[in-house]
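Asks: mmCIF, C-alpha atoms and all ligand atoms, saved as coords_5.cif, coming up:
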data_final
#
loop_
_atom_site.label_atom_id
_atom_site.label_comp_id
_atom_site.auth_asym_id
_atom_site.auth_seq_id
_atom_site.Cartn_x
_atom_site.Cartn_y
_atom_site.Cartn_z
CA MET I 1 8.90 25.57 -26.69
CA ALA I 2 5.66 24.19 -25.33
CA ASP I 3 5.22 23.63 -21.63
CA VAL I 4 5.40 20.01 -20.66
CA LEU I 5 3.33 18.62 -17.83
CA TYR I 6 4.93 15.67 -16.07
CA ILE I 7 2.54 13.41 -14.23
CA SER I 8 3.83 11.31 -11.39
CA HIS I 9 3.64 7.54 -11.96
CA ARG I 10 1.31 7.55 -8.99
CA TRP I 11 -1.55 8.60 -11.21
CA THR I 12 -0.83 6.57 -14.30
CA GLN I 13 -1.87 3.08 -15.22
CA GLN I 14 0.73 0.50 -14.21
CA ASP I 15 1.53 -2.44 -16.52
CA TRP I 16 0.51 -5.00 -13.92
CA MET I 17 -2.94 -3.44 -13.57
CA SER I 18 -4.13 -5.17 -16.72
CA GLN I 19 -3.71 -8.56 -15.02
CA VAL I 20 -5.56 -8.05 -11.77
CA ALA I 21 -7.84 -10.72 -10.33
CA CYS I 22 -10.13 -8.23 -8.57
CA THR I 23 -11.82 -6.49 -11.48
CA GLY I 24 -15.42 -5.69 -10.63
CA GLN I 25 -15.06 -6.73 -6.99
CA THR I 26 -14.35 -3.37 -5.40
CA GLN I 27 -16.78 -4.02 -2.57
CA HIS I 28 -14.33 -6.54 -1.05
CA PHE I 29 -11.35 -4.19 -1.16
CA PHE I 30 -12.68 -0.89 0.15
CA PRO I 31 -14.76 -0.45 3.28
CA PRO I 32 -18.20 1.06 3.27
CA HIS I 33 -18.68 4.06 5.53
CA GLY I 34 -19.02 3.04 9.17
CA GLU I 35 -17.92 -0.57 8.69
CA GLN I 36 -17.76 -2.53 11.95
CA ALA I 37 -14.82 -4.73 12.92
CA ASP I 38 -16.61 -8.06 12.31
CA ALA I 39 -17.76 -6.99 8.87
CA ARG I 40 -14.29 -5.73 8.06
CA GLU I 41 -12.76 -9.05 9.04
CA LYS I 42 -15.14 -10.97 6.78
CA ARG I 43 -14.72 -8.56 3.87
CA GLU I 44 -10.94 -8.65 4.09
CA ALA I 45 -10.93 -12.46 4.27
CA VAL I 46 -12.72 -12.55 0.92
CA ALA I 47 -10.35 -9.92 -0.50
CA ASN I 48 -7.32 -11.81 0.76
CA ALA I 49 -8.48 -15.05 -0.86
CA ILE I 50 -8.75 -13.22 -4.18
CA CYS I 51 -5.32 -11.62 -3.70
CA GLN I 52 -3.59 -14.88 -2.87
CA ALA I 53 -4.61 -16.25 -6.27
CA CYS I 54 -3.65 -13.08 -8.13
CA GLU I 55 -0.65 -13.18 -10.46
CA VAL I 56 0.34 -9.60 -9.74
CA ARG I 57 0.02 -9.65 -5.97
CA ILE I 58 3.59 -8.57 -5.22
CA ASP I 59 3.49 -5.69 -7.71
CA CYS I 60 0.18 -4.60 -6.26
CA ARG I 61 1.37 -4.88 -2.66
CA ASP I 62 4.54 -2.90 -3.36
CA TYR I 63 2.63 -0.23 -5.27
CA ALA I 64 0.24 0.25 -2.34
CA ARG I 65 3.11 0.39 0.14
CA GLU I 66 5.01 2.97 -1.90
CA ASN I 67 1.99 5.14 -2.60
CA ARG I 68 0.31 4.83 0.80
CA GLU I 69 -2.88 3.57 -0.74
CA GLN I 70 -5.95 2.93 1.34
CA GLY I 71 -7.98 -0.23 1.24
CA PHE I 72 -6.95 -3.83 0.71
CA TRP I 73 -4.10 -4.23 -1.80
CA GLY I 74 -1.87 -7.20 -2.52
CA GLY I 75 -3.03 -9.12 0.52
CA GLU I 76 -2.54 -6.26 2.97
CA ASN I 77 -4.87 -3.83 4.69
CA ASP I 78 -4.10 -0.30 5.91
CA ASP I 79 -2.95 -1.44 9.36
CA GLN I 80 -0.57 -4.01 7.92
CA ARG I 81 0.98 -1.46 5.56
CA MET I 82 1.39 1.02 8.40
CA ASP I 83 3.04 -1.67 10.51
CA ILE I 84 5.49 -2.46 7.68
CA ARG I 85 6.31 1.26 7.32
CA ARG I 86 6.90 1.58 11.05
CA LYS I 87 9.19 -1.46 11.15
CA THR I 88 11.08 -0.33 8.07
CA ARG I 89 11.59 3.12 9.57
CA ALA I 90 12.79 1.64 12.86
CA ARG I 91 15.21 -0.69 11.05
CA THR I 92 16.55 2.22 8.98
CA MET I 93 17.14 4.25 12.11
CA LEU I 94 19.01 1.36 13.72
CA THR I 95 21.26 0.75 10.74
CA SER I 96 21.92 4.35 9.67
CA PRO I 97 25.02 5.97 11.11
CA VAL I 98 24.32 9.05 13.17
CA ARG I 99 26.23 12.12 12.08
CA MET I 100 27.05 14.82 14.57
CA ASP I 101 25.41 17.36 12.21
CA ASP I 102 22.09 15.53 12.64
CA ILE I 103 22.05 15.95 16.39
CA ALA I 104 20.40 19.12 17.64
CA LEU I 105 22.02 20.38 20.80
CA GLU I 106 20.09 22.57 23.16
CA ALA I 107 21.86 25.46 24.81
S1 LIG I 201 -3.28 -8.53 -5.42
FE1 LIG I 201 -5.41 -8.32 -4.80
S2 LIG I 201 -5.86 -6.13 -4.83
FE2 LIG I 201 -3.96 -6.45 -5.95
S3 LIG I 201 -4.56 -6.63 -8.08
FE3 LIG I 201 -4.46 -8.70 -7.25
S4 LIG I 201 -6.53 -9.17 -6.54
FE4 LIG I 201 -6.41 -6.94 -6.83
#
Take the structure in the file and give it back as structure tokens.

Replies:
Amino acid sequence: MADVLYISHRWTQQDWMSQVACTGQTQHFFPPHGEQADAREKREAVANAICQACEVRIDCRDYARENREQGFWGGENDDQRMDIRRKTRARTMLTSPVRMDDIALEA
């Protein structure tokens, strides 16, 4: 039997990627080396305007959140995705029951 190589969906083309509104506009979605805050704000404003008119924005946003992408995806930048992750983690901790097995006791 031949060996089979399974590739994570992370590295495969997603269906929604054929409908993106940002083709050929990479410069608005990824920062150049050493980008300053003002330039970043302007670049991301352009990217966001493109994203808001994109038919696959939610798919794109969720994909970037799940795969910890870098750059501007689905109307969100890195900081916004990190903030969402932090809030989601905090909410999960608040709503998850604590089991005694999970608590490490020091002697
Ligand atoms: S939401 Fe934005 S980054 Fe995502 S595919 Fe659409 S235009 Fe591109």

Asks: I'd like to know which of I:Asp59, I:Glu35, I:Glu69, I:Glu76 is closest to Ala47 (chain I), using only C-alpha atoms.

Replies: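 That would be I:Glu76, the residue with the smallest distance to Ala47 (chain I).
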
Asks: So that each row is one residue of chain I with an atom at most 7 Å from ligand LIG 201 (chain I), can you give its shortest atom pair and the distance in Å to one decimal, using all atoms listed in the file, rows by chain and rising number, as JSON lines?

Replies:
{"residue": "I:Met17", "atom": "CA", "partner": "I:LIG201", "partner_atom": "S3", "distance": 6.6}
{"residue": "I:Val20", "atom": "CA", "partner": "I:LIG201", "partner_atom": "S3", "distance": 4.1}
{"residue": "I:Ala21", "atom": "CA", "partner": "I:LIG201", "partner_atom": "S4", "distance": 4.3}
{"residue": "I:Cys22", "atom": "CA", "partner": "I:LIG201", "partner_atom": "S4", "distance": 4.2}
{"residue": "I:Phe29", "atom": "CA", "partner": "I:LIG201", "partner_atom": "S2", "distance": 6.9}
{"residue": "I:Ala47", "atom": "CA", "partner": "I:LIG201", "partner_atom": "FE1", "distance": 6.7}
{"residue": "I:Asn48", "atom": "CA", "partner": "I:LIG201", "partner_atom": "FE1", "distance": 6.8}
{"residue": "I:Ile50", "atom": "CA", "partner": "I:LIG201", "partner_atom": "S4", "distance": 5.2}
{"residue": "I:Cys51", "atom": "CA", "partner": "I:LIG201", "partner_atom": "FE1", "distance": 3.5}
{"residue": "I:Gln52", "atom": "CA", "partner": "I:LIG201", "partner_atom": "S1", "distance": 6.8}
{"residue": "I:Cys54", "atom": "CA", "partner": "I:LIG201", "partner_atom": "FE3", "distance": 4.5}
{"residue": "I:Glu55", "atom": "CA", "partner": "I:LIG201", "partner_atom": "FE3", "distance": 6.7}
{"residue": "I:Val56", "atom": "CA", "partner": "I:LIG201", "partner_atom": "FE3", "distance": 5.5}
{"residue": "I:Arg57", "atom": "CA", "partner": "I:LIG201", "partner_atom": "S1", "distance": 3.5}
{"residue": "I:Ile58", "atom": "CA", "partner": "I:LIG201", "partner_atom": "S1", "distance": 6.9}
{"residue": "I:Cys60", "atom": "CA", "partner": "I:LIG201", "partner_atom": "FE2", "distance": 4.5}
{"residue": "I:Arg61", "atom": "CA", "partner": "I:LIG201", "partner_atom": "FE2", "distance": 6.5}
{"residue": "I:Phe72", "atom": "CA", "partner": "I:LIG201", "partner_atom": "S2", "distance": 6.1}
{"residue": "I:Trp73", "atom": "CA", "partner": "I:LIG201", "partner_atom": "S2", "distance": 4.0}
{"residue": "I:Gly74", "atom": "CA", "partner": "I:LIG201", "partner_atom": "S1", "distance": 3.5}
{"residue": "I:Gly75", "atom": "CA", "partner": "I:LIG201", "partner_atom": "FE1", "distance": 5.9}

Asks: Skipping near chain neighbours, those fewer than 4 positions away, what residues fall within 8 Å of His28 (chain I) using only C-alpha atoms, listed as a ChimeraX atom specification?

Replies: /I:43-44,46-47

Asks: May I ask for the distance between CA of Pro32 (chain I) and CA of Gln70 (chain I), given in Å to one decimal place?

Replies: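 Separation between CA of Pro32 (chain I) and CA of Gln70 (chain I): 12.5 Å.
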
Asks: Hey, can you check how far CA of Tyr63 (chain I) sits from CA of Ala49 (chain I)?

Replies: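 That distance, rounded to one decimal, is 19.0 Å.
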
Asks: Just how far from CA of Gln36 (chain I) is CA of Gly71 (chain I), in Å to one decimal?

Replies: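 Distance reported for this atom pair: 14.7 Å.
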
Asks: Taking all atoms listed in the file into account, name the residue in I:Thr92, I:Gln14, I:Asn67, I:Lys42 that is nearest to Gln27 (chain I).

Replies: I:Lys42

Asks: Only C-alpha atoms needed: put region 59-78 of chain I from the block into a file as a tab-separated table (two decimals), in the first residue's frame.

Replies:
chain	number	residue	atom	x	y	z
I	59	ASP	CA	-15.20	33.29	5.27
I	60	CYS	CA	-11.95	35.17	4.91
I	61	ARG	CA	-12.12	36.65	8.40
I	62	ASP	CA	-12.88	33.29	10.01
I	63	TYR	CA	-10.11	31.57	8.05
I	64	ALA	CA	-7.58	34.15	9.24
I	65	ARG	CA	-8.77	33.85	12.82
I	66	GLU	CA	-8.56	30.06	12.79
I	67	ASN	CA	-5.18	29.93	11.10
I	68	ARG	CA	-3.58	32.88	12.87
I	69	GLU	CA	-2.78	34.59	9.61
I	70	GLN	CA	-0.81	37.79	9.50
I	71	GLY	CA	-1.83	40.87	7.60
I	72	PHE	CA	-5.25	42.32	6.89
I	73	TRP	CA	-7.94	39.67	6.31
I	74	GLY	CA	-11.70	39.97	6.24
I	75	GLY	CA	-11.70	43.49	7.64
I	76	GLU	CA	-9.37	42.72	10.55
I	77	ASN	CA	-5.71	43.35	11.25
I	78	ASP	CA	-3.36	41.34	13.46
